[in-house]
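Asks: For reference, the structure I am asking about is given below.
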Amino acid sequence: MNKKVTARAHTNIALIKYWGKKNPELIIPTTSSLSLTLDQFYTDTAVVFNSNLSHDELTLNGQPITDHTLLKTSTFLDIVRQMAGINTFARIESTNHVPTAAGLASSASGFAALAAASSKAAGLNLDRQALSRLARRGSGSASRSIFGGFAEWIAGEDDLTSYAHPIQENVTMDIQMLTVVLDGSVKKIGSRQGMQHAIATSPFYDTWVAESEVDLVTMKQAIANNDFQTLGELAEHNALQMHSLNFTAKPAFTYFNGDTLNILNLVQNLRHQGIQAYATMDAGPNVKIISQSTATQVICEAIKKDFPNATVEVAKPGPGISYL
Ligand code: 2P0
């Protein structure tokens, strides 16, 4: 105790998406999901418990935070305090190397880093499965960021059985995500609210659950076979299915904007030219292009031609949690 612990967690992008909870309090999802952890985007979080503090204190990128983000962090730390049998408050310093809340899943790296740093600072010595379960309580996608490479979050039925595990930590496939950032603004509909609205009102939700189960099996086979084309086709299909739930919710909503569709169109055109490129989108308008290193130049040139203001970040498979 009173020891400052710093952890680093990288963000992940789902190839088979998580979109809905059967237990919102414990964050137990309706479906299992599968992601790729990225090297380029990560969060560093330092935590120290200190008996002189009268409440938890949080800084994000050097700025003191007192809004709902602090409340979410304190609620999460209450779980850690309960597990460790302590009632001391903590100082948390978090630095995000991810564009916050722009659909690039900073909550995944954020809660994975917080789970690792806070549990160790509280004197707990959790294995990675227990860390994944803990990270899940902060944000579902954070359960997957404990691991590097391809990771699967097994939906499970309760707190004990819902956790991520590595599918392939040292990725053998040539795979990368080109993140095309056109809109760095904060999303209007949080994913937590969006996914539960889709469950409650989209007539296709049950179909999504059934299809997702089949997609997951095929995705794991594609990874085992180093089959990039099947992986890419399936990831794009699964992402479009997820976004279709939002289009068919009542009232309908979408994270897409006009540029999202323009980039999707560009990706389809690249495929018509024989270039293997596939799109995936999360809870924001930005598109991630799943591709291979040999195609980086041609894809970047095509983007620059049509979207001179876009910034493109090239991310490769990244590692799991580490302590600094
Ligand atoms: C995913 N997303 O699988 C999906 C695809 C966004 C679209 O996980 O409510 O921030 O904290 O569990 O993890 C974003 O949702 O939601 C997400 P909570 P989270 O990556």
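FYI, nothing fancy with the structure tokens labels: chains A, B, ... in order, residues from 1 per chain, ligands from 1 as they appear.
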Excluding segment 221-227 of chain A and any residue of its chain fewer than 4 positions from it, enumerate the residues within 7 Å of it, using only C-alpha atoms, and give them as number ranges by chain.

Replies: A: 173, 217, 231

Asks: As an mmCIF file with N, CA and C atoms, in the first residue's frame, please: all residues of segment 124-171 of chain A that backbone DSSP puts in alpha helix (DSSP H).

Replies:
```cif
data_model
loop_
_atom_site.group_PDB
_atom_site.id
_atom_site.type_symbol
_atom_site.label_atom_id
_atom_site.label_comp_id
_atom_site.auth_asym_id
_atom_site.auth_seq_id
_atom_site.Cartn_x
_atom_site.Cartn_y
_atom_site.Cartn_z
ATOM 1 N N ARG A 128 -4.097 -12.983 -15.135
ATOM 2 C CA ARG A 128 -4.659 -12.203 -16.247
ATOM 3 C C ARG A 128 -6.158 -12.466 -16.453
ATOM 4 N N GLN A 129 -6.618 -13.672 -16.119
ATOM 5 C CA GLN A 129 -8.056 -13.943 -16.247
ATOM 6 C C GLN A 129 -8.844 -13.099 -15.241
ATOM 7 N N ALA A 130 -8.331 -13.045 -14.010
ATOM 8 C CA ALA A 130 -8.996 -12.234 -12.980
ATOM 9 C C ALA A 130 -8.919 -10.745 -13.336
ATOM 10 N N LEU A 131 -7.784 -10.324 -13.926
ATOM 11 C CA LEU A 131 -7.659 -8.926 -14.362
ATOM 12 C C LEU A 131 -8.654 -8.606 -15.464
ATOM 13 N N SER A 132 -8.844 -9.570 -16.364
ATOM 14 C CA SER A 132 -9.790 -9.375 -17.458
ATOM 15 C C SER A 132 -11.216 -9.230 -16.918
ATOM 16 N N ARG A 133 -11.552 -10.060 -15.939
ATOM 17 C CA ARG A 133 -12.885 -9.957 -15.319
ATOM 18 C C ARG A 133 -13.052 -8.609 -14.632
ATOM 19 N N LEU A 134 -11.989 -8.163 -13.964
ATOM 20 C CA LEU A 134 -12.057 -6.871 -13.270
ATOM 21 C C LEU A 134 -12.188 -5.722 -14.282
ATOM 22 N N ALA A 135 -11.360 -5.744 -15.325
ATOM 23 C CA ALA A 135 -11.414 -4.689 -16.347
ATOM 24 C C ALA A 135 -12.803 -4.620 -16.981
ATOM 25 N N ARG A 136 -13.415 -5.795 -17.162
ATOM 26 C CA ARG A 136 -14.765 -5.880 -17.737
ATOM 27 C C ARG A 136 -15.779 -5.071 -16.944
ATOM 28 N N ARG A 137 -15.603 -5.000 -15.604
ATOM 29 C CA ARG A 137 -16.553 -4.270 -14.768
ATOM 30 C C ARG A 137 -16.505 -2.762 -15.058
ATOM 31 N N GLY A 138 -15.363 -2.289 -15.587
ATOM 32 C CA GLY A 138 -15.258 -0.876 -15.963
ATOM 33 C C GLY A 138 -15.854 -0.624 -17.327
#
```

Asks: Residues within 8 Å of ligand 1 (only C-alpha atoms and all ligand atoms), as a count of residues only?

Replies: 36

Asks: May I ask which of the residues A:Glu57, A:Asp215, A:Asp158, A:Glu313 is the closest one to Thr69 of chain A, counting only C-alpha atoms?

Replies: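 For Thr69 of chain A, the nearest of the candidates is A:Glu57.
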
Asks: Which parts of segment 12-243 of chain A does DSSP call strand (DSSP E) when run on the backbone here, written out as a PDB file with N, CA and C atoms, in the first residue's frame?

Replies:
```pdb
ATOM      1  N   ASN A  12      -7.964  -1.964 -28.300  1.00  0.00           N
ATOM      2  CA  ASN A  12      -8.237  -3.062 -29.229  1.00  0.00           C
ATOM      3  C   ASN A  12      -9.395  -2.697 -30.125  1.00  0.00           C
ATOM      4  N   ILE A  13      -9.393  -3.295 -31.309  1.00  0.00           N
ATOM      5  CA  ILE A  13     -10.511  -3.104 -32.242  1.00  0.00           C
ATOM      6  C   ILE A  13     -11.147  -4.468 -32.468  1.00  0.00           C
ATOM      7  N   ALA A  14     -12.466  -4.517 -32.294  1.00  0.00           N
ATOM      8  CA  ALA A  14     -13.152  -5.803 -32.434  1.00  0.00           C
ATOM      9  C   ALA A  14     -13.350  -6.167 -33.904  1.00  0.00           C
ATOM     10  N   LEU A  15     -13.032  -7.426 -34.211  1.00  0.00           N
ATOM     11  CA  LEU A  15     -13.317  -7.984 -35.544  1.00  0.00           C
ATOM     12  C   LEU A  15     -14.687  -8.654 -35.519  1.00  0.00           C
ATOM     13  N   ILE A  16     -15.045  -9.194 -34.369  1.00  0.00           N
ATOM     14  CA  ILE A  16     -16.409  -9.658 -34.091  1.00  0.00           C
ATOM     15  C   ILE A  16     -16.867  -8.802 -32.909  1.00  0.00           C
ATOM     16  N   LYS A  21     -25.738  -5.971 -23.694  1.00  0.00           N
ATOM     17  CA  LYS A  21     -25.484  -6.682 -22.429  1.00  0.00           C
ATOM     18  C   LYS A  21     -26.724  -7.445 -21.998  1.00  0.00           C
ATOM     19  N   LYS A  22     -26.517  -8.683 -21.503  1.00  0.00           N
ATOM     20  CA  LYS A  22     -27.646  -9.353 -20.872  1.00  0.00           C
ATOM     21  C   LYS A  22     -27.696  -9.014 -19.384  1.00  0.00           C
ATOM     22  N   ASN A  23     -26.564  -8.570 -18.829  1.00  0.00           N
ATOM     23  CA  ASN A  23     -26.550  -8.078 -17.450  1.00  0.00           C
ATOM     24  C   ASN A  23     -25.760  -6.765 -17.422  1.00  0.00           C
ATOM     25  N   ILE A  28     -22.196  -8.285 -18.503  1.00  0.00           N
ATOM     26  CA  ILE A  28     -22.158  -9.603 -19.134  1.00  0.00           C
ATOM     27  C   ILE A  28     -22.807  -9.435 -20.509  1.00  0.00           C
ATOM     28  N   PRO A  29     -22.049  -9.677 -21.593  1.00  0.00           N
ATOM     29  CA  PRO A  29     -22.572  -9.382 -22.933  1.00  0.00           C
ATOM     30  C   PRO A  29     -23.522 -10.474 -23.455  1.00  0.00           C
ATOM     31  N   SER A  33     -17.066 -11.915 -28.230  1.00  0.00           N
ATOM     32  CA  SER A  33     -16.491 -11.026 -29.249  1.00  0.00           C
ATOM     33  C   SER A  33     -15.004 -11.336 -29.406  1.00  0.00           C
ATOM     34  N   LEU A  34     -14.405 -10.806 -30.470  1.00  0.00           N
ATOM     35  CA  LEU A  34     -12.997 -11.123 -30.750  1.00  0.00           C
ATOM     36  C   LEU A  34     -12.319  -9.879 -31.312  1.00  0.00           C
ATOM     37  N   SER A  35     -11.134  -9.577 -30.802  1.00  0.00           N
ATOM     38  CA  SER A  35     -10.494  -8.318 -31.194  1.00  0.00           C
ATOM     39  C   SER A  35      -9.016  -8.484 -31.488  1.00  0.00           C
ATOM     40  N   LEU A  36      -8.454  -7.419 -32.048  1.00  0.00           N
ATOM     41  CA  LEU A  36      -7.008  -7.313 -32.256  1.00  0.00           C
ATOM     42  C   LEU A  36      -6.512  -6.128 -31.421  1.00  0.00           C
ATOM     43  N   THR A  37      -5.578  -6.390 -30.533  1.00  0.00           N
ATOM     44  CA  THR A  37      -4.958  -5.314 -29.753  1.00  0.00           C
ATOM     45  C   THR A  37      -3.941  -4.595 -30.639  1.00  0.00           C
ATOM     46  N   LEU A  38      -3.900  -3.257 -30.546  1.00  0.00           N
ATOM     47  CA  LEU A  38      -3.057  -2.461 -31.442  1.00  0.00           C
ATOM     48  C   LEU A  38      -1.853  -1.866 -30.715  1.00  0.00           C
ATOM     49  N   ASP A  39      -0.755  -1.734 -31.457  1.00  0.00           N
ATOM     50  CA  ASP A  39       0.461  -1.194 -30.834  1.00  0.00           C
ATOM     51  C   ASP A  39       0.432   0.326 -30.692  1.00  0.00           C
ATOM     52  N   GLN A  40      -0.307   0.986 -31.549  1.00  0.00           N
ATOM     53  CA  GLN A  40      -0.186   2.441 -31.693  1.00  0.00           C
ATOM     54  C   GLN A  40      -0.906   3.262 -30.625  1.00  0.00           C
ATOM     55  N   PHE A  41      -2.021   2.734 -30.113  1.00  0.00           N
ATOM     56  CA  PHE A  41      -2.864   3.501 -29.188  1.00  0.00           C
ATOM     57  C   PHE A  41      -2.859   2.833 -27.823  1.00  0.00           C
ATOM     58  N   TYR A  42      -2.553   3.612 -26.777  1.00  0.00           N
ATOM     59  CA  TYR A  42      -2.492   3.007 -25.448  1.00  0.00           C
ATOM     60  C   TYR A  42      -2.741   4.038 -24.356  1.00  0.00           C
ATOM     61  N   THR A  43      -2.953   3.546 -23.154  1.00  0.00           N
ATOM     62  CA  THR A  43      -3.160   4.397 -21.980  1.00  0.00           C
ATOM     63  C   THR A  43      -2.164   3.988 -20.899  1.00  0.00           C
ATOM     64  N   ASP A  44      -1.513   4.986 -20.289  1.00  0.00           N
ATOM     65  CA  ASP A  44      -0.654   4.752 -19.119  1.00  0.00           C
ATOM     66  C   ASP A  44      -1.389   5.285 -17.895  1.00  0.00           C
ATOM     67  N   THR A  45      -1.527   4.454 -16.884  1.00  0.00           N
ATOM     68  CA  THR A  45      -2.251   4.883 -15.683  1.00  0.00           C
ATOM     69  C   THR A  45      -1.445   4.550 -14.437  1.00  0.00           C
ATOM     70  N   ALA A  46      -1.270   5.578 -13.593  1.00  0.00           N
ATOM     71  CA  ALA A  46      -0.567   5.394 -12.316  1.00  0.00           C
ATOM     72  C   ALA A  46      -1.586   5.529 -11.192  1.00  0.00           C
ATOM     73  N   VAL A  47      -1.517   4.627 -10.230  1.00  0.00           N
ATOM     74  CA  VAL A  47      -2.453   4.653  -9.095  1.00  0.00           C
ATOM     75  C   VAL A  47      -1.669   4.531  -7.801  1.00  0.00           C
ATOM     76  N   VAL A  48      -2.028   5.383  -6.831  1.00  0.00           N
ATOM     77  CA  VAL A  48      -1.486   5.220  -5.479  1.00  0.00           C
ATOM     78  C   VAL A  48      -2.626   5.414  -4.480  1.00  0.00           C
ATOM     79  N   PHE A  49      -2.786   4.461  -3.574  1.00  0.00           N
ATOM     80  CA  PHE A  49      -3.766   4.608  -2.497  1.00  0.00           C
ATOM     81  C   PHE A  49      -3.071   5.344  -1.355  1.00  0.00           C
ATOM     82  N   GLU A  57      -8.910  11.073  -6.488  1.00  0.00           N
ATOM     83  CA  GLU A  57      -8.509  12.201  -7.342  1.00  0.00           C
ATOM     84  C   GLU A  57      -8.021  11.654  -8.677  1.00  0.00           C
ATOM     85  N   LEU A  58      -8.492  12.284  -9.757  1.00  0.00           N
ATOM     86  CA  LEU A  58      -8.152  11.798 -11.099  1.00  0.00           C
ATOM     87  C   LEU A  58      -7.630  12.926 -11.967  1.00  0.00           C
ATOM     88  N   THR A  59      -6.514  12.671 -12.633  1.00  0.00           N
ATOM     89  CA  THR A  59      -6.115  13.576 -13.715  1.00  0.00           C
ATOM     90  C   THR A  59      -6.045  12.762 -15.003  1.00  0.00           C
ATOM     91  N   LEU A  60      -6.502  13.396 -16.076  1.00  0.00           N
ATOM     92  CA  LEU A  60      -6.461  12.766 -17.395  1.00  0.00           C
ATOM     93  C   LEU A  60      -5.650  13.685 -18.301  1.00  0.00           C
ATOM     94  N   GLN A  63      -4.883  17.013 -16.732  1.00  0.00           N
ATOM     95  CA  GLN A  63      -5.995  17.880 -16.311  1.00  0.00           C
ATOM     96  C   GLN A  63      -6.791  17.221 -15.191  1.00  0.00           C
ATOM     97  N   PRO A  64      -7.109  17.958 -14.090  1.00  0.00           N
ATOM     98  CA  PRO A  64      -7.965  17.384 -13.049  1.00  0.00           C
ATOM     99  C   PRO A  64      -9.370  17.125 -13.596  1.00  0.00           C
ATOM    100  N   ILE A  65      -9.937  15.974 -13.248  1.00  0.00           N
ATOM    101  CA  ILE A  65     -11.266  15.583 -13.752  1.00  0.00           C
ATOM    102  C   ILE A  65     -12.206  15.464 -12.552  1.00  0.00           C
ATOM    103  N   ALA A  90      -7.741   6.932  -3.615  1.00  0.00           N
ATOM    104  CA  ALA A  90      -6.557   6.838  -4.488  1.00  0.00           C
ATOM    105  C   ALA A  90      -6.372   8.087  -5.334  1.00  0.00           C
ATOM    106  N   ARG A  91      -5.124   8.291  -5.724  1.00  0.00           N
ATOM    107  CA  ARG A  91      -4.807   9.307  -6.741  1.00  0.00           C
ATOM    108  C   ARG A  91      -4.489   8.550  -8.032  1.00  0.00           C
ATOM    109  N   ILE A  92      -5.176   8.953  -9.099  1.00  0.00           N
ATOM    110  CA  ILE A  92      -5.029   8.268 -10.386  1.00  0.00           C
ATOM    111  C   ILE A  92      -4.563   9.287 -11.418  1.00  0.00           C
ATOM    112  N   GLU A  93      -3.461   8.967 -12.092  1.00  0.00           N
ATOM    113  CA  GLU A  93      -2.968   9.838 -13.165  1.00  0.00           C
ATOM    114  C   GLU A  93      -2.960   9.007 -14.441  1.00  0.00           C
ATOM    115  N   SER A  94      -3.777   9.449 -15.390  1.00  0.00           N
ATOM    116  CA  SER A  94      -3.917   8.661 -16.612  1.00  0.00           C
ATOM    117  C   SER A  94      -3.531   9.500 -17.819  1.00  0.00           C
ATOM    118  N   THR A  95      -2.762   8.908 -18.702  1.00  0.00           N
ATOM    119  CA  THR A  95      -2.387   9.591 -19.941  1.00  0.00           C
ATOM    120  C   THR A  95      -2.831   8.735 -21.103  1.00  0.00           C
ATOM    121  N   ASN A  96      -3.659   9.335 -21.936  1.00  0.00           N
ATOM    122  CA  ASN A  96      -4.240   8.619 -23.067  1.00  0.00           C
ATOM    123  C   ASN A  96      -3.464   8.907 -24.338  1.00  0.00           C
ATOM    124  N   HIS A  97      -2.966   7.881 -24.958  1.00  0.00           N
ATOM    125  CA  HIS A  97      -2.363   8.057 -26.285  1.00  0.00           C
ATOM    126  C   HIS A  97      -3.353   7.533 -27.322  1.00  0.00           C
ATOM    127  N   PHE A 150      -4.658 -11.301 -30.975  1.00  0.00           N
ATOM    128  CA  PHE A 150      -6.084 -11.641 -31.078  1.00  0.00           C
ATOM    129  C   PHE A 150      -6.573 -12.160 -29.729  1.00  0.00           C
ATOM    130  N   ALA A 151      -7.667 -11.585 -29.237  1.00  0.00           N
ATOM    131  CA  ALA A 151      -8.230 -12.026 -27.953  1.00  0.00           C
ATOM    132  C   ALA A 151      -9.737 -12.204 -28.099  1.00  0.00           C
ATOM    133  N   GLU A 152     -10.241 -13.207 -27.412  1.00  0.00           N
ATOM    134  CA  GLU A 152     -11.683 -13.466 -27.437  1.00  0.00           C
ATOM    135  C   GLU A 152     -12.253 -13.185 -26.048  1.00  0.00           C
ATOM    136  N   TRP A 153     -13.336 -12.444 -25.999  1.00  0.00           N
ATOM    137  CA  TRP A 153     -14.079 -12.255 -24.745  1.00  0.00           C
ATOM    138  C   TRP A 153     -15.229 -13.264 -24.749  1.00  0.00           C
ATOM    139  N   ILE A 154     -15.110 -14.265 -23.900  1.00  0.00           N
ATOM    140  CA  ILE A 154     -16.165 -15.279 -23.779  1.00  0.00           C
ATOM    141  C   ILE A 154     -17.319 -14.653 -22.998  1.00  0.00           C
ATOM    142  N   TYR A 163     -15.002 -13.525 -19.328  1.00  0.00           N
ATOM    143  CA  TYR A 163     -13.637 -12.967 -19.352  1.00  0.00           C
ATOM    144  C   TYR A 163     -13.021 -13.196 -20.726  1.00  0.00           C
ATOM    145  N   ALA A 164     -11.946 -12.450 -21.002  1.00  0.00           N
ATOM    146  CA  ALA A 164     -11.253 -12.644 -22.274  1.00  0.00           C
ATOM    147  C   ALA A 164     -10.078 -13.598 -22.093  1.00  0.00           C
ATOM    148  N   HIS A 165      -9.655 -14.176 -23.201  1.00  0.00           N
ATOM    149  CA  HIS A 165      -8.458 -15.022 -23.195  1.00  0.00           C
ATOM    150  C   HIS A 165      -7.753 -14.860 -24.535  1.00  0.00           C
ATOM    151  N   PRO A 166      -6.459 -15.130 -24.559  1.00  0.00           N
ATOM    152  CA  PRO A 166      -5.736 -14.920 -25.816  1.00  0.00           C
ATOM    153  C   PRO A 166      -6.024 -16.029 -26.829  1.00  0.00           C
ATOM    154  N   ILE A 167      -6.213 -15.611 -28.072  1.00  0.00           N
ATOM    155  CA  ILE A 167      -6.368 -16.577 -29.178  1.00  0.00           C
ATOM    156  C   ILE A 167      -5.008 -16.774 -29.840  1.00  0.00           C
ATOM    157  N   GLN A 168      -4.300 -15.649 -30.040  1.00  0.00           N
ATOM    158  CA  GLN A 168      -2.944 -15.696 -30.612  1.00  0.00           C
ATOM    159  C   GLN A 168      -2.261 -14.382 -30.231  1.00  0.00           C
ATOM    160  N   GLN A 176      -2.773  -5.210 -40.361  1.00  0.00           N
ATOM    161  CA  GLN A 176      -2.658  -3.885 -39.752  1.00  0.00           C
ATOM    162  C   GLN A 176      -4.000  -3.180 -39.871  1.00  0.00           C
ATOM    163  N   MET A 177      -4.160  -2.150 -39.059  1.00  0.00           N
ATOM    164  CA  MET A 177      -5.359  -1.317 -39.138  1.00  0.00           C
ATOM    165  C   MET A 177      -4.920   0.096 -39.475  1.00  0.00           C
ATOM    166  N   LEU A 178      -5.443   0.611 -40.582  1.00  0.00           N
ATOM    167  CA  LEU A 178      -5.199   2.010 -40.916  1.00  0.00           C
ATOM    168  C   LEU A 178      -6.387   2.782 -40.369  1.00  0.00           C
ATOM    169  N   THR A 179      -6.134   3.610 -39.372  1.00  0.00           N
ATOM    170  CA  THR A 179      -7.231   4.386 -38.795  1.00  0.00           C
ATOM    171  C   THR A 179      -7.314   5.712 -39.518  1.00  0.00           C
ATOM    172  N   VAL A 180      -8.429   5.931 -40.178  1.00  0.00           N
ATOM    173  CA  VAL A 180      -8.634   7.168 -40.918  1.00  0.00           C
ATOM    174  C   VAL A 180      -9.407   8.116 -40.006  1.00  0.00           C
ATOM    175  N   VAL A 181      -8.734   9.156 -39.526  1.00  0.00           N
ATOM    176  CA  VAL A 181      -9.390  10.080 -38.605  1.00  0.00           C
ATOM    177  C   VAL A 181      -9.860  11.305 -39.388  1.00  0.00           C
TER     178      VAL A 181
END
```

Asks: Could you check which of A:Leu182, A:Ala116, A:Leu240, A:Val214 is closest to Asn262 of chain A, using only C-alpha atoms?

Replies: A:Leu182

Asks: Name the closest residue to Asp174 of chain A among the candidates A:Ala84, A:Ile303, A:Ile290, A:Ala7; distances are taken between atoms, counting only C-alpha atoms.

Replies: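 Comparing A:Ala84, A:Ile303, A:Ile290, A:Ala7 against Asp174 of chain A, the winner is A:Ile290.
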
Asks: Would you pick out the contacts of segment 250-260 of chain A at 8 Å or less, using only C-alpha atoms, so that residues sharing its chain but fewer than 2 positions from it are not included, and give the list as a ChimeraX atom specification?

Replies: /A:182,187,189,201-202,243,246-248,262-264,282-287

Asks: For the selection just defined, write its residues with C-alpha atoms to a file, as an mmCIF file, in the first residue's frame.

Replies:
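Okay, part26.cif is ready:
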```cif
data_model
loop_
_atom_site.group_PDB
_atom_site.id
_atom_site.type_symbol
_atom_site.label_atom_id
_atom_site.label_comp_id
_atom_site.auth_asym_id
_atom_site.auth_seq_id
_atom_site.Cartn_x
_atom_site.Cartn_y
_atom_site.Cartn_z
ATOM 1 C CA LEU A 182 -11.772 12.541 -40.201
ATOM 2 C CA LYS A 187 -19.517 10.991 -29.985
ATOM 3 C CA ILE A 189 -24.545 8.661 -28.343
ATOM 4 C CA THR A 201 -35.942 -1.949 -30.180
ATOM 5 C CA SER A 202 -34.208 -3.491 -33.232
ATOM 6 C CA HIS A 243 -24.393 -0.864 -37.386
ATOM 7 C CA ASN A 246 -28.675 0.952 -34.978
ATOM 8 C CA PHE A 247 -30.242 1.825 -38.326
ATOM 9 C CA THR A 248 -33.174 -0.469 -37.477
ATOM 10 C CA ASN A 262 -17.382 7.799 -48.546
ATOM 11 C CA ILE A 263 -14.528 5.807 -46.969
ATOM 12 C CA LEU A 264 -16.595 2.604 -47.138
ATOM 13 C CA ASP A 282 -17.122 1.306 -33.915
ATOM 14 C CA ALA A 283 -19.108 3.807 -31.874
ATOM 15 C CA GLY A 284 -17.938 6.788 -33.900
ATOM 16 C CA PRO A 285 -17.694 7.965 -37.512
ATOM 17 C CA ASN A 286 -14.056 6.989 -38.109
ATOM 18 C CA VAL A 287 -13.237 3.989 -40.264
#
```
